[in-house]
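This is entry_22.cif (mmCIF, C-alpha atoms and all ligand atoms).
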data_work
loop_
_atom_site.label_atom_id
_atom_site.label_comp_id
_atom_site.auth_asym_id
_atom_site.auth_seq_id
_atom_site.Cartn_x
_atom_site.Cartn_y
_atom_site.Cartn_z
CA MET T 1 53.32 144.98 93.09
CA ALA T 2 56.79 143.85 92.12
CA CYS T 3 59.30 141.98 94.27
CA LEU T 4 61.72 144.02 96.40
CA THR T 5 65.03 142.78 95.00
CA VAL T 6 64.23 139.83 92.70
CA SER T 7 64.48 140.98 89.08
CA ALA T 8 61.46 140.93 86.76
CA ALA T 9 63.24 138.33 84.60
CA ASP T 10 63.79 136.00 87.57
CA GLU T 11 60.20 136.56 88.74
CA LYS T 12 59.00 135.49 85.30
CA ARG T 13 61.34 132.48 85.25
CA VAL T 14 60.09 131.10 88.58
CA LYS T 15 56.48 131.86 87.67
CA ALA T 16 56.87 129.39 84.82
CA LEU T 17 57.93 126.85 87.46
CA GLY T 18 54.76 127.52 89.47
CA PHE T 19 56.08 130.11 91.98
CA LEU T 20 53.91 133.19 92.25
CA SER T 21 55.22 136.33 93.89
CA ASN T 22 53.75 137.24 97.29
CA LYS T 23 53.14 140.90 96.43
CA GLY T 24 55.66 143.44 97.66
CA THR T 25 58.06 140.80 99.08
CA ASP T 26 60.84 138.53 97.82
CA ASN T 27 58.78 135.51 98.83
CA PHE T 28 56.72 133.22 96.63
CA SER T 29 53.81 130.80 96.82
CA GLY T 30 54.77 127.45 95.33
CA ARG T 31 51.89 125.88 93.41
CA ILE T 32 51.85 122.10 93.79
CA ILE T 33 50.09 119.92 91.25
CA THR T 34 47.78 117.37 92.88
CA VAL T 35 46.93 115.63 89.54
CA ASN T 36 43.18 115.73 90.30
CA GLY T 37 42.85 116.93 93.88
CA LYS T 38 43.87 113.63 95.43
CA ILE T 39 47.11 113.25 97.40
CA THR T 40 48.43 110.56 99.73
CA ALA T 41 48.88 110.97 103.47
CA ALA T 42 52.67 110.80 102.92
CA GLN T 43 52.50 113.62 100.34
CA ASN T 44 50.33 115.64 102.71
CA LYS T 45 52.89 115.16 105.50
CA CYS T 46 55.75 116.09 103.18
CA LEU T 47 53.98 119.31 102.14
CA SER T 48 53.33 120.28 105.75
CA GLU T 49 57.00 119.75 106.58
CA ALA T 50 58.10 121.71 103.50
CA ALA T 51 55.78 124.59 104.47
CA GLU T 52 57.48 124.79 107.87
CA LEU T 53 61.01 124.27 106.58
CA PHE T 54 60.93 126.62 103.56
CA GLY T 55 57.73 128.68 103.73
CA ASN T 56 55.74 130.54 106.38
CA GLY T 57 53.95 127.42 107.61
CA ILE T 58 50.75 128.17 105.71
CA VAL T 59 49.25 125.79 103.11
CA THR T 60 46.37 127.03 100.99
CA PHE T 61 44.03 125.24 98.58
CA THR T 62 43.20 126.81 95.25
CA THR T 63 39.82 126.70 93.56
CA ARG T 64 41.32 124.42 90.90
CA LEU T 65 42.52 121.74 93.28
CA THR T 66 46.16 122.72 93.46
CA ILE T 67 47.92 123.45 96.75
CA GLU T 68 50.01 126.54 97.44
CA VAL T 69 52.70 126.83 100.09
CA GLN T 70 53.17 130.50 100.90
CA GLY T 71 56.16 132.60 101.90
CA ILE T 72 59.00 130.70 100.24
CA PRO T 73 62.06 132.98 99.84
CA TYR T 74 63.41 133.22 96.29
CA ASP T 75 66.68 131.51 97.22
CA LYS T 76 64.86 128.54 98.81
CA ILE T 77 62.80 127.68 95.72
CA GLU T 78 65.11 124.92 94.44
CA ASP T 79 65.46 123.36 97.93
CA PHE T 80 61.67 123.37 98.25
CA ARG T 81 61.24 121.66 94.88
CA ALA T 82 63.82 119.00 95.76
CA TYR T 83 62.17 118.36 99.13
CA ILE T 84 58.67 117.74 97.75
CA ALA T 85 60.06 115.71 94.84
CA LYS T 86 60.87 113.00 97.44
CA GLU T 87 57.13 112.23 97.47
CA GLY T 88 56.72 112.63 93.71
CA LEU T 89 55.25 116.14 93.97
CA VAL T 90 55.98 118.86 91.44
CA THR T 91 55.16 122.54 91.05
CA GLY T 92 53.77 124.28 87.96
CA GLY T 93 50.37 124.98 86.51
CA THR T 94 50.92 128.42 84.99
CA GLY T 95 51.19 129.71 81.42
CA SER T 96 49.42 129.45 78.08
CA LYS T 97 49.00 125.70 78.01
CA VAL T 98 46.89 122.90 79.44
CA ARG T 99 46.34 123.74 83.10
CA PRO T 100 46.00 121.32 86.06
CA ILE T 101 42.96 119.11 85.60
CA VAL T 102 40.00 119.48 87.95
CA SER T 103 37.91 116.46 88.87
CA CYS T 104 34.96 115.76 91.12
CA LYS T 105 34.89 112.68 93.31
CA GLY T 106 32.61 110.83 90.89
CA THR T 107 34.56 107.59 91.32
CA THR T 108 33.31 107.26 94.89
CA CYS T 109 30.23 109.52 94.84
CA GLN T 110 26.84 107.79 94.92
CA TYR T 111 25.75 109.78 91.86
CA GLY T 112 28.92 109.26 89.80
CA SER T 113 28.38 107.55 86.45
CA ILE T 114 32.04 107.46 85.39
CA ASP T 115 35.48 106.92 86.99
CA THR T 116 36.35 110.61 87.23
CA PHE T 117 39.65 110.05 89.06
CA GLY T 118 40.77 107.47 86.48
CA LEU T 119 39.82 109.65 83.52
CA SER T 120 41.30 112.84 84.97
CA GLU T 121 44.56 111.00 85.76
CA GLU T 122 44.77 109.82 82.17
CA ILE T 123 44.11 113.36 80.92
CA HIS T 124 46.73 114.68 83.35
CA GLU T 125 49.34 112.22 82.07
CA LYS T 126 48.64 112.73 78.40
CA PHE T 127 47.77 116.41 78.18
CA PHE T 128 49.10 118.17 81.30
CA ASN T 129 52.41 116.29 81.36
CA GLY T 130 52.57 115.09 77.75
CA TYR T 131 51.57 118.46 76.26
CA SER T 132 53.52 120.60 78.76
CA ASP T 133 55.70 122.02 75.96
CA VAL T 134 52.78 122.62 73.60
CA LYS T 135 52.13 126.34 73.39
CA LEU T 136 48.50 127.44 73.14
CA PRO T 137 46.89 130.84 72.48
CA HIS T 138 45.94 131.19 76.16
CA LYS T 139 45.40 128.98 79.20
CA PHE T 140 43.29 125.87 78.64
CA LYS T 141 41.24 124.50 81.53
CA ILE T 142 39.75 121.02 81.71
CA ALA T 143 37.29 119.65 84.29
CA VAL T 144 35.82 116.18 84.69
CA GLY T 145 32.48 115.73 86.46
CA GLY T 146 30.81 112.45 87.30
CA CYS T 147 27.17 113.39 86.69
CA PRO T 148 24.90 116.25 85.63
CA ASN T 149 24.93 117.68 89.17
CA ASN T 150 27.98 119.56 87.83
CA CYS T 151 29.74 120.00 91.19
CA VAL T 152 32.99 121.04 89.46
CA LYS T 153 31.13 123.13 86.86
CA PRO T 154 32.59 121.41 83.77
CA ASP T 155 30.68 123.67 81.37
CA LEU T 156 32.49 126.72 82.73
CA ASN T 157 35.82 125.29 81.57
CA ASP T 158 37.41 125.47 78.14
CA LEU T 159 36.67 121.75 77.98
CA GLY T 160 34.34 120.02 80.41
CA ILE T 161 33.39 116.36 80.59
CA VAL T 162 30.15 115.25 82.28
CA GLY T 163 29.45 111.60 83.07
CA GLN T 164 26.17 110.24 81.74
CA MET T 165 24.00 107.23 82.51
CA ILE T 166 21.59 106.99 79.60
CA PRO T 167 18.41 105.13 80.66
CA ASN T 168 17.46 102.17 78.53
CA TYR T 169 13.67 102.61 78.52
CA ASP T 170 11.47 99.97 76.90
CA GLU T 171 8.12 101.67 76.32
CA ASP T 172 6.49 98.34 75.46
CA LEU T 173 6.91 97.22 79.08
CA CYS T 174 5.13 100.26 80.50
CA SER T 175 1.62 99.59 81.74
CA GLY T 176 0.81 103.18 82.66
CA CYS T 177 0.48 102.89 86.45
CA LYS T 178 -1.58 105.49 88.26
CA LYS T 179 1.44 106.30 90.43
CA CYS T 180 4.60 105.98 88.36
CA SER T 181 7.74 105.44 90.46
CA VAL T 182 9.90 106.55 87.53
CA GLU T 183 8.04 109.86 87.27
CA ASN T 184 8.59 110.37 90.98
CA SER T 185 12.30 109.59 90.80
CA CYS T 186 13.21 112.07 88.08
CA PRO T 187 14.80 115.12 89.77
CA ILE T 188 14.07 117.45 86.86
CA ASN T 189 10.55 116.19 86.00
CA VAL T 190 11.16 115.22 82.41
CA ALA T 191 9.64 111.72 82.75
CA ASN T 192 5.85 111.87 82.77
CA VAL T 193 2.97 109.49 82.19
CA VAL T 194 0.99 110.82 79.24
CA ASP T 195 -2.10 109.03 77.91
CA GLY T 196 -1.32 105.89 79.91
CA VAL T 197 2.33 105.51 79.04
CA LEU T 198 5.59 106.93 80.43
CA LYS T 199 7.30 109.41 78.11
CA ILE T 200 10.85 110.67 78.65
CA ASP T 201 11.58 113.99 76.99
CA LYS T 202 14.93 113.10 75.37
CA ASP T 203 15.80 116.72 74.64
CA LYS T 204 15.48 117.66 78.29
CA CYS T 205 16.67 114.44 79.99
CA ASN T 206 20.18 115.07 81.35
CA ASN T 207 21.05 111.36 81.60
CA CYS T 208 21.52 111.35 85.35
CA GLY T 209 20.33 107.74 85.44
CA ARG T 210 18.35 108.18 88.65
CA CYS T 211 15.28 106.52 87.09
CA ILE T 212 17.11 103.27 86.33
CA GLY T 213 15.70 100.32 88.25
CA LYS T 214 12.79 102.36 89.60
CA CYS T 215 10.06 100.74 87.48
CA HIS T 216 8.53 97.66 89.14
CA PHE T 217 7.74 96.29 85.68
CA ASP T 218 11.37 96.51 84.55
CA ALA T 219 10.68 99.13 81.88
CA ILE T 220 14.04 100.78 82.75
CA GLU T 221 16.23 97.95 83.91
CA ASP T 222 19.62 99.37 82.98
CA GLY T 223 21.43 102.18 81.22
CA LYS T 224 24.49 102.99 79.16
CA VAL T 225 27.51 104.93 80.39
CA GLY T 226 28.32 108.03 78.37
CA TYR T 227 30.47 111.15 78.35
CA LYS T 228 29.16 114.55 77.30
CA ILE T 229 31.86 117.04 76.27
CA TYR T 230 31.27 120.78 76.64
CA LEU T 231 33.46 123.26 74.80
CA GLY T 232 34.14 126.95 75.27
CA GLY T 233 33.18 127.64 78.85
CA MET T 234 35.01 130.25 80.94
CA TRP T 235 34.50 132.02 84.25
CA GLY T 236 36.62 135.05 84.89
CA LYS T 237 36.99 138.50 83.39
CA ARG T 238 34.65 137.18 80.72
CA VAL T 239 31.99 134.54 81.26
CA ALA T 240 30.72 131.92 78.81
CA HIS T 241 28.80 128.67 79.19
CA GLY T 242 30.25 125.79 77.24
CA LYS T 243 28.13 124.06 74.61
CA ALA T 244 27.93 120.27 74.31
CA LEU T 245 29.28 118.44 71.27
CA SER T 246 26.50 116.83 69.26
CA LYS T 247 27.71 113.32 70.10
CA ILE T 248 27.65 111.60 73.48
CA PHE T 249 30.81 109.49 73.66
CA THR T 250 30.62 105.96 75.03
CA SER T 251 34.22 105.03 75.87
CA GLN T 252 37.18 106.62 77.64
CA GLU T 253 39.33 106.03 74.53
CA GLU T 254 36.92 108.07 72.40
CA VAL T 255 36.96 110.83 74.99
CA MET T 256 40.77 110.95 75.03
CA GLU T 257 40.80 111.24 71.23
CA ALA T 258 38.23 114.03 71.31
CA VAL T 259 40.20 115.95 73.97
CA GLU T 260 43.33 115.70 71.85
CA LYS T 261 41.49 116.96 68.76
CA VAL T 262 40.11 119.91 70.71
CA ILE T 263 43.57 120.94 71.93
CA LEU T 264 45.02 120.58 68.43
CA LEU T 265 42.18 122.67 66.99
CA TYR T 266 42.73 125.42 69.57
CA ARG T 267 46.48 125.43 68.90
CA GLU T 268 46.06 125.55 65.15
CA GLN T 269 43.04 127.80 64.73
CA GLY T 270 43.06 129.97 67.88
CA LYS T 271 44.66 133.41 67.66
CA THR T 272 47.33 134.20 70.24
CA GLY T 273 45.69 135.79 73.30
CA GLU T 274 42.25 134.43 72.43
CA ARG T 275 40.41 132.17 74.91
CA PHE T 276 38.84 129.05 73.40
CA ALA T 277 35.30 130.49 73.73
CA GLN T 278 36.35 133.34 71.44
CA THR T 279 37.92 130.94 68.95
CA ILE T 280 34.67 128.96 68.84
CA ALA T 281 32.59 132.13 68.42
CA ARG T 282 34.80 133.19 65.49
CA LEU T 283 34.82 129.76 63.79
CA GLY T 284 31.21 128.85 64.59
CA PHE T 285 30.23 125.98 66.91
CA ASP T 286 28.96 123.73 64.11
CA ASN T 287 32.30 124.02 62.32
CA VAL T 288 34.18 123.08 65.53
CA ASP T 289 31.74 120.23 66.23
CA ALA T 290 32.27 118.80 62.73
CA GLN T 291 36.07 119.02 63.05
CA ILE T 292 36.07 117.21 66.41
CA LEU T 293 33.87 114.44 65.04
CA SER T 294 36.15 113.89 62.04
CA ASN T 295 39.75 112.59 62.03
CA ASP T 296 41.42 115.39 60.13
CA LEU T 297 43.00 117.08 63.16
CA LEU T 298 44.60 113.84 64.40
CA ASP T 299 45.83 113.08 60.88
CA ARG T 300 47.62 116.45 60.93
CA LYS T 301 48.81 116.15 64.55
CA LYS T 302 52.56 116.19 63.75
CA GLU T 303 52.23 119.24 61.50
CA ILE T 304 50.11 121.10 64.09
CA LEU T 305 52.49 120.32 66.95
CA GLU T 306 55.60 121.28 64.97
CA ALA T 307 54.26 124.66 63.78
CA GLN T 308 55.86 127.75 65.33
CA LEU T 309 52.79 129.18 67.06
CA HIS T 310 51.95 131.19 70.18
CA LEU T 311 55.58 131.64 71.18
CA GLU T 312 54.32 134.19 73.72
CA GLY T 313 50.80 133.17 74.78
CA GLY T 314 48.09 135.34 76.31
CA ALA T 315 48.00 133.97 79.88
CA THR T 316 49.12 136.36 82.61
CA CYS T 317 48.87 133.93 85.53
S1 LIG A 1 29.13 115.99 89.97
FE1 LIG A 1 27.90 114.19 90.50
S2 LIG A 1 29.40 112.56 90.74
FE2 LIG A 1 30.52 114.47 90.87
S3 LIG A 1 30.59 114.94 93.08
FE3 LIG A 1 28.81 116.02 92.21
S4 LIG A 1 27.11 114.63 92.58
FE4 LIG A 1 29.00 113.41 92.78
S1 LIG A 2 7.41 103.28 83.78
FE1 LIG A 2 6.96 101.56 85.12
S2 LIG A 2 6.20 102.50 87.00
FE2 LIG A 2 6.07 104.06 85.40
S3 LIG A 2 4.04 103.90 84.55
FE3 LIG A 2 5.33 102.62 83.29
S4 LIG A 2 5.19 100.58 84.21
FE4 LIG A 2 4.39 102.01 85.73
S1 LIG A 3 17.91 109.96 83.30
FE1 LIG A 3 17.54 111.47 84.93
S2 LIG A 3 16.70 113.24 83.88
FE2 LIG A 3 16.52 111.51 82.47
S3 LIG A 3 14.49 110.70 82.84
FE3 LIG A 3 15.89 109.53 84.13
S4 LIG A 3 15.85 110.59 86.09
FE4 LIG A 3 14.96 112.00 84.58
#
Mind converting the file's structure to C-alpha cells?
Amino acid sequence: MACLTVSAADEKRVKALGFLSNKGTDNFSGRIITVNGKITAAQNKCLSEAAELFGNGIVTFTTRLTIEVQGIPYDKIEDFRAYIAKEGLVTGGTGSKVRPIVSCKGTTCQYGSIDTFGLSEEIHEKFFNGYSDVKLPHKFKIAVGGCPNNCVKPDLNDLGIVGQMIPNYDEDLCSGCKKCSVENSCPINVANVVDGVLKIDKDKCNNCGRCIGKCHFDAIEDGKVGYKIYLGGMWGKRVAHGKALSKIFTSQEEVMEAVEKVILLYREQGKTGERFAQTIARLGFDNVDAQILSNDLLDRKKEILEAQLHLEGGATC
C-alpha cells in the first residue's frame, strides 16, 4: 500500500537510505545498522530518545539484528538521521548489495570456537561499508556463527561462516578403555570405540571440539581453530541449504579473502535478479569451489568492480 502524499520516487529514495514505508501512511520505519547486533548503552539511550522525539516511541528488532524505529514522518527523516549520528549510528541495509552482517555471540559463548564479533565487525567494515556502492544481482546475506550449533543459521545465508575446533586426536595414545569419556562427550555420537580403539568418523564429525581434553590419557589434548564457509543458502520465498567449500580455512585473513572472492564471483557471474543459490546451481558447485580456492577472481578485482553491471538489482526490500 503506497504512501498517502509522499511520491513513489521519494519513497524509493528514502528506502535506499533505510526508511521503509509504514503502509498506508506518510510515516516510515528507520532501519538502524547495529554492525553485528551489539550496541552500547549510550547508543541504546540515543535510539530510545530518537524514537520518542521523531517516531511513535516504538523500537523493534529485526530478525537480522538491525533495529527499526517506527512512525517517523517523511519530513523528519533527516533530523532523525542527524540525531542518531551523534552516537555513530547510521540507517541503511536495503538494496541489491551486501546486507547487514548477522553474528552469534560466539566471542563470549561457552561453545564459541572463533571471535564472531571480531570477524563480523571486520566483514562489516570491509564488505558492508567498503562495498556499499558495489551493485550485485540481488541482496547478499552473510552470517557468522561460532560453532556447529548454528544458532544464527549460517547455512541459510548466501554466505555463512561456522567456527570449528578440529580435534587433534592421537590414536597411538588410545588404550581402548571400557568406558570411553570421549565417546560419551560427543553430542552427535560420531566418536566410538571399535575393536579396542577410539575411531572418529571424520566425514560426520562437525568439529565442535567438545571432545577435546576429555581423554584421561591425553589422546585428544588440543585442537585447531578453523572456519567452514557455506555458500548458497537462502530462506524466504525460495529455500536452499548452503553447501560447504571443500577447504576448512584456518585464519581470519584467509576467510576475508574467500569472502571477497565470493562477492566478486557473484557480481561477475550472477545474472541480475538471481539469488546466489541460483547462480551456484547454474555454474555448478565444483566450479564455484575451484574459483574460490584459486586467486583468479582477486587478480581481476579491479576489472570486476569497474564493470557496468546490475545497475538495477533484483532486491525489492
Ligand atoms: S552458534 Fe555456538 S557459539 Fe554461537 S551462540 Fe550458538 S552455541 Fe554459542
Ligand atoms: S580416547 Fe581416551 S578415554 Fe577413549 S578409549 Fe581411548 S584412551 Fe580411553
Ligand atoms: S569434534 Fe565434536 S563431533 Fe567431532 S568427535 Fe569431537 S565431540 Fe564429536
Let me see if you get this right: every residue at most 8 Å from ligand LIG 1 (chain A), counting all atoms listed in the file, written as a compact mmCIF listing (two decimals) with C-alpha atoms, keeping the file's coordinate frame.
# COMPACT_ATOMS: atom_id res chain seq x y z
CA SER T 103 37.91 116.46 88.87
CA CYS T 104 34.96 115.76 91.12
CA LYS T 105 34.89 112.68 93.31
CA GLY T 106 32.61 110.83 90.89
CA THR T 107 34.56 107.59 91.32
CA THR T 108 33.31 107.26 94.89
CA CYS T 109 30.23 109.52 94.84
CA GLN T 110 26.84 107.79 94.92
CA TYR T 111 25.75 109.78 91.86
CA GLY T 112 28.92 109.26 89.80
CA SER T 113 28.38 107.55 86.45
CA ILE T 114 32.04 107.46 85.39
CA THR T 116 36.35 110.61 87.23
CA GLY T 145 32.48 115.73 86.46
CA GLY T 146 30.81 112.45 87.30
CA CYS T 147 27.17 113.39 86.69
CA PRO T 148 24.90 116.25 85.63
CA ASN T 149 24.93 117.68 89.17
CA ASN T 150 27.98 119.56 87.83
CA CYS T 151 29.74 120.00 91.19
CA VAL T 152 32.99 121.04 89.46
CA VAL T 162 30.15 115.25 82.28
CA GLY T 163 29.45 111.60 83.07
*asked:* With distances taken over only C-alpha atoms and all ligand atoms, which residue among T:Gly209, T:Gly236, T:Gly176, T:Gly273 lies nearest ligand LIG 2 (chain A)?
replied: T:Gly176
_Would you compute the distance between atom CA of T:Met256 and atom CA of T:Lys243? Give it in Å to one decimal._
18.2 Å
Sorted by chain and rising residue number, list the residues of chain T at most 6 Å from ligand LIG 2 (chain A) (counting only C-alpha atoms and all ligand atoms), each with its closest atom pair and distance in Å to one decimal, as a tab-separated table.
residue	atom	partner	partner_atom	distance
T:Cys174	CA	A:LIG2	FE3	3.7
T:Ser175	CA	A:LIG2	S4	4.5
T:Gly176	CA	A:LIG2	S3	3.8
T:Cys177	CA	A:LIG2	FE4	4.1
T:Cys180	CA	A:LIG2	FE2	3.8
T:Ser181	CA	A:LIG2	S2	4.8
T:Val182	CA	A:LIG2	FE2	5.0
T:Val197	CA	A:LIG2	FE3	6.0
T:Leu198	CA	A:LIG2	FE3	5.2
T:Cys215	CA	A:LIG2	FE1	4.0
T:His216	CA	A:LIG2	S2	5.8
T:Phe217	CA	A:LIG2	S4	5.2
T:Ala219	CA	A:LIG2	FE1	5.5
*Between atom CA of T:Phe249 and atom CA of T:Ala290, what is the distance, to one decimal in Å?*
14.4 Å
Do a neighbour search on T:Leu89 at 10 Å with all atoms listed in the file, toss out local chain neighbours closer than 5 positions, and write the hits as a CSV table (one decimal) with C-alpha atoms, in the coordinates of the input.
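Done, and the output landed in selection-v3.csv:
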chain,number,residue,atom,x,y,z
T,32,ILE,CA,51.8,122.1,93.8
T,33,ILE,CA,50.1,119.9,91.2
T,34,THR,CA,47.8,117.4,92.9
T,35,VAL,CA,46.9,115.6,89.5
T,39,ILE,CA,47.1,113.2,97.4
T,43,GLN,CA,52.5,113.6,100.3
T,46,CYS,CA,55.8,116.1,103.2
T,47,LEU,CA,54.0,119.3,102.1
T,81,ARG,CA,61.2,121.7,94.9
T,82,ALA,CA,63.8,119.0,95.8
T,83,TYR,CA,62.2,118.4,99.1
T,84,ILE,CA,58.7,117.7,97.8
*List all protein, DNA and RNA residues that have at least one atom no more than 7 Å from any atom of ligand LIG 3 (chain A), counting all atoms listed in the file, and write them as a PyMOL selection string.*
chain T and resi 165-167+185-191+200+205-212
*Enumerate, as a list in words, the protein, DNA and RNA residues whose atoms approach (48.4, 129.2, 80.6) to within 9 Å, taking into account all atoms listed in the file and the coordinate frame of the file.*
Gly93, Thr94, Gly95, Ser96, Lys97, Val98, Arg99, Lys135, Leu136, Pro137, His138, Lys139, Phe140, Lys141, Gly313, Gly314, Ala315, Thr316 and Cys317 of chain T
Export, as a PDB file, in the frame of the given file, the selected residues with C-alpha atoms.
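Result saved to again33.pdb:
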ATOM      1  CA  GLY T  93      50.370 124.980  86.510  1.00  0.00           C
ATOM      2  CA  THR T  94      50.920 128.420  84.990  1.00  0.00           C
ATOM      3  CA  GLY T  95      51.190 129.710  81.420  1.00  0.00           C
ATOM      4  CA  SER T  96      49.420 129.450  78.080  1.00  0.00           C
ATOM      5  CA  LYS T  97      49.000 125.700  78.010  1.00  0.00           C
ATOM      6  CA  VAL T  98      46.890 122.900  79.440  1.00  0.00           C
ATOM      7  CA  ARG T  99      46.340 123.740  83.100  1.00  0.00           C
ATOM      8  CA  LYS T 135      52.130 126.340  73.390  1.00  0.00           C
ATOM      9  CA  LEU T 136      48.500 127.440  73.140  1.00  0.00           C
ATOM     10  CA  PRO T 137      46.890 130.840  72.480  1.00  0.00           C
ATOM     11  CA  HIS T 138      45.940 131.190  76.160  1.00  0.00           C
ATOM     12  CA  LYS T 139      45.400 128.980  79.200  1.00  0.00           C
ATOM     13  CA  PHE T 140      43.290 125.870  78.640  1.00  0.00           C
ATOM     14  CA  LYS T 141      41.240 124.500  81.530  1.00  0.00           C
ATOM     15  CA  GLY T 313      50.800 133.170  74.780  1.00  0.00           C
ATOM     16  CA  GLY T 314      48.090 135.340  76.310  1.00  0.00           C
ATOM     17  CA  ALA T 315      48.000 133.970  79.880  1.00  0.00           C
ATOM     18  CA  THR T 316      49.120 136.360  82.610  1.00  0.00           C
ATOM     19  CA  CYS T 317      48.870 133.930  85.530  1.00  0.00           C
TER      20      CYS T 317
END
Could I get stretch 235-258 of chain T rebuilt with N, CA and C atoms, written as an mmCIF file, keeping the file's coordinate frame?
data_model
loop_
_atom_site.group_PDB
_atom_site.id
_atom_site.type_symbol
_atom_site.label_atom_id
_atom_site.label_comp_id
_atom_site.auth_asym_id
_atom_site.auth_seq_id
_atom_site.Cartn_x
_atom_site.Cartn_y
_atom_site.Cartn_z
ATOM 1 N N TRP T 235 35.059 131.311 83.095
ATOM 2 C CA TRP T 235 34.500 132.020 84.250
ATOM 3 C C TRP T 235 35.596 132.900 84.803
ATOM 4 N N GLY T 236 35.553 134.153 84.449
ATOM 5 C CA GLY T 236 36.620 135.050 84.890
ATOM 6 C C GLY T 236 36.268 136.453 84.467
ATOM 7 N N LYS T 237 37.255 137.131 83.876
ATOM 8 C CA LYS T 237 36.990 138.500 83.390
ATOM 9 C C LYS T 237 35.820 138.466 82.420
ATOM 10 N N ARG T 238 35.788 137.397 81.615
ATOM 11 C CA ARG T 238 34.650 137.180 80.720
ATOM 12 C C ARG T 238 34.019 135.856 81.110
ATOM 13 N N VAL T 239 32.714 135.746 80.865
ATOM 14 C CA VAL T 239 31.990 134.540 81.260
ATOM 15 C C VAL T 239 31.322 133.926 80.031
ATOM 16 N N ALA T 240 31.439 132.612 79.894
ATOM 17 C CA ALA T 240 30.720 131.920 78.810
ATOM 18 C C ALA T 240 30.376 130.509 79.278
ATOM 19 N N HIS T 241 29.192 130.055 78.919
ATOM 20 C CA HIS T 241 28.800 128.670 79.190
ATOM 21 C C HIS T 241 29.230 127.813 78.013
ATOM 22 N N GLY T 242 29.858 126.693 78.308
ATOM 23 C CA GLY T 242 30.250 125.790 77.240
ATOM 24 C C GLY T 242 29.019 125.177 76.582
ATOM 25 N N LYS T 243 29.211 124.718 75.348
ATOM 26 C CA LYS T 243 28.130 124.060 74.610
ATOM 27 C C LYS T 243 28.549 122.617 74.346
ATOM 28 N N ALA T 244 27.581 121.694 74.448
ATOM 29 C CA ALA T 244 27.930 120.270 74.310
ATOM 30 C C ALA T 244 28.112 119.881 72.854
ATOM 31 N N LEU T 245 29.116 119.037 72.602
ATOM 32 C CA LEU T 245 29.280 118.440 71.270
ATOM 33 C C LEU T 245 28.025 117.643 70.939
ATOM 34 N N SER T 246 27.757 117.471 69.654
ATOM 35 C CA SER T 246 26.500 116.830 69.260
ATOM 36 C C SER T 246 26.484 115.336 69.572
ATOM 37 N N LYS T 247 27.655 114.762 69.831
ATOM 38 C CA LYS T 247 27.710 113.320 70.100
ATOM 39 C C LYS T 247 27.976 113.071 71.592
ATOM 40 N N ILE T 248 27.300 112.061 72.139
ATOM 41 C CA ILE T 248 27.650 111.600 73.480
ATOM 42 C C ILE T 248 28.601 110.417 73.299
ATOM 43 N N PHE T 249 29.802 110.519 73.857
ATOM 44 C CA PHE T 249 30.810 109.490 73.660
ATOM 45 C C PHE T 249 30.555 108.330 74.623
ATOM 46 N N THR T 250 30.971 107.119 74.208
ATOM 47 C CA THR T 250 30.620 105.960 75.030
ATOM 48 C C THR T 250 31.841 105.190 75.549
ATOM 49 N N SER T 251 33.056 105.697 75.281
ATOM 50 C CA SER T 251 34.220 105.030 75.870
ATOM 51 C C SER T 251 35.271 106.074 76.231
ATOM 52 N N GLN T 252 36.120 105.712 77.207
ATOM 53 C CA GLN T 252 37.180 106.620 77.640
ATOM 54 C C GLN T 252 38.170 106.883 76.497
ATOM 55 N N GLU T 253 38.396 105.868 75.654
ATOM 56 C CA GLU T 253 39.330 106.030 74.530
ATOM 57 C C GLU T 253 38.811 107.110 73.574
ATOM 58 N N GLU T 254 37.513 107.054 73.287
ATOM 59 C CA GLU T 254 36.920 108.070 72.400
ATOM 60 C C GLU T 254 37.045 109.460 73.009
ATOM 61 N N VAL T 255 36.866 109.535 74.318
ATOM 62 C CA VAL T 255 36.960 110.830 74.990
ATOM 63 C C VAL T 255 38.382 111.371 74.881
ATOM 64 N N MET T 256 39.371 110.509 75.113
ATOM 65 C CA MET T 256 40.770 110.950 75.030
ATOM 66 C C MET T 256 41.090 111.466 73.632
ATOM 67 N N GLU T 257 40.570 110.792 72.620
ATOM 68 C CA GLU T 257 40.800 111.240 71.230
ATOM 69 C C GLU T 257 40.160 112.604 71.001
ATOM 70 N N ALA T 258 38.943 112.758 71.512
ATOM 71 C CA ALA T 258 38.230 114.030 71.310
ATOM 72 C C ALA T 258 38.970 115.163 72.019
#
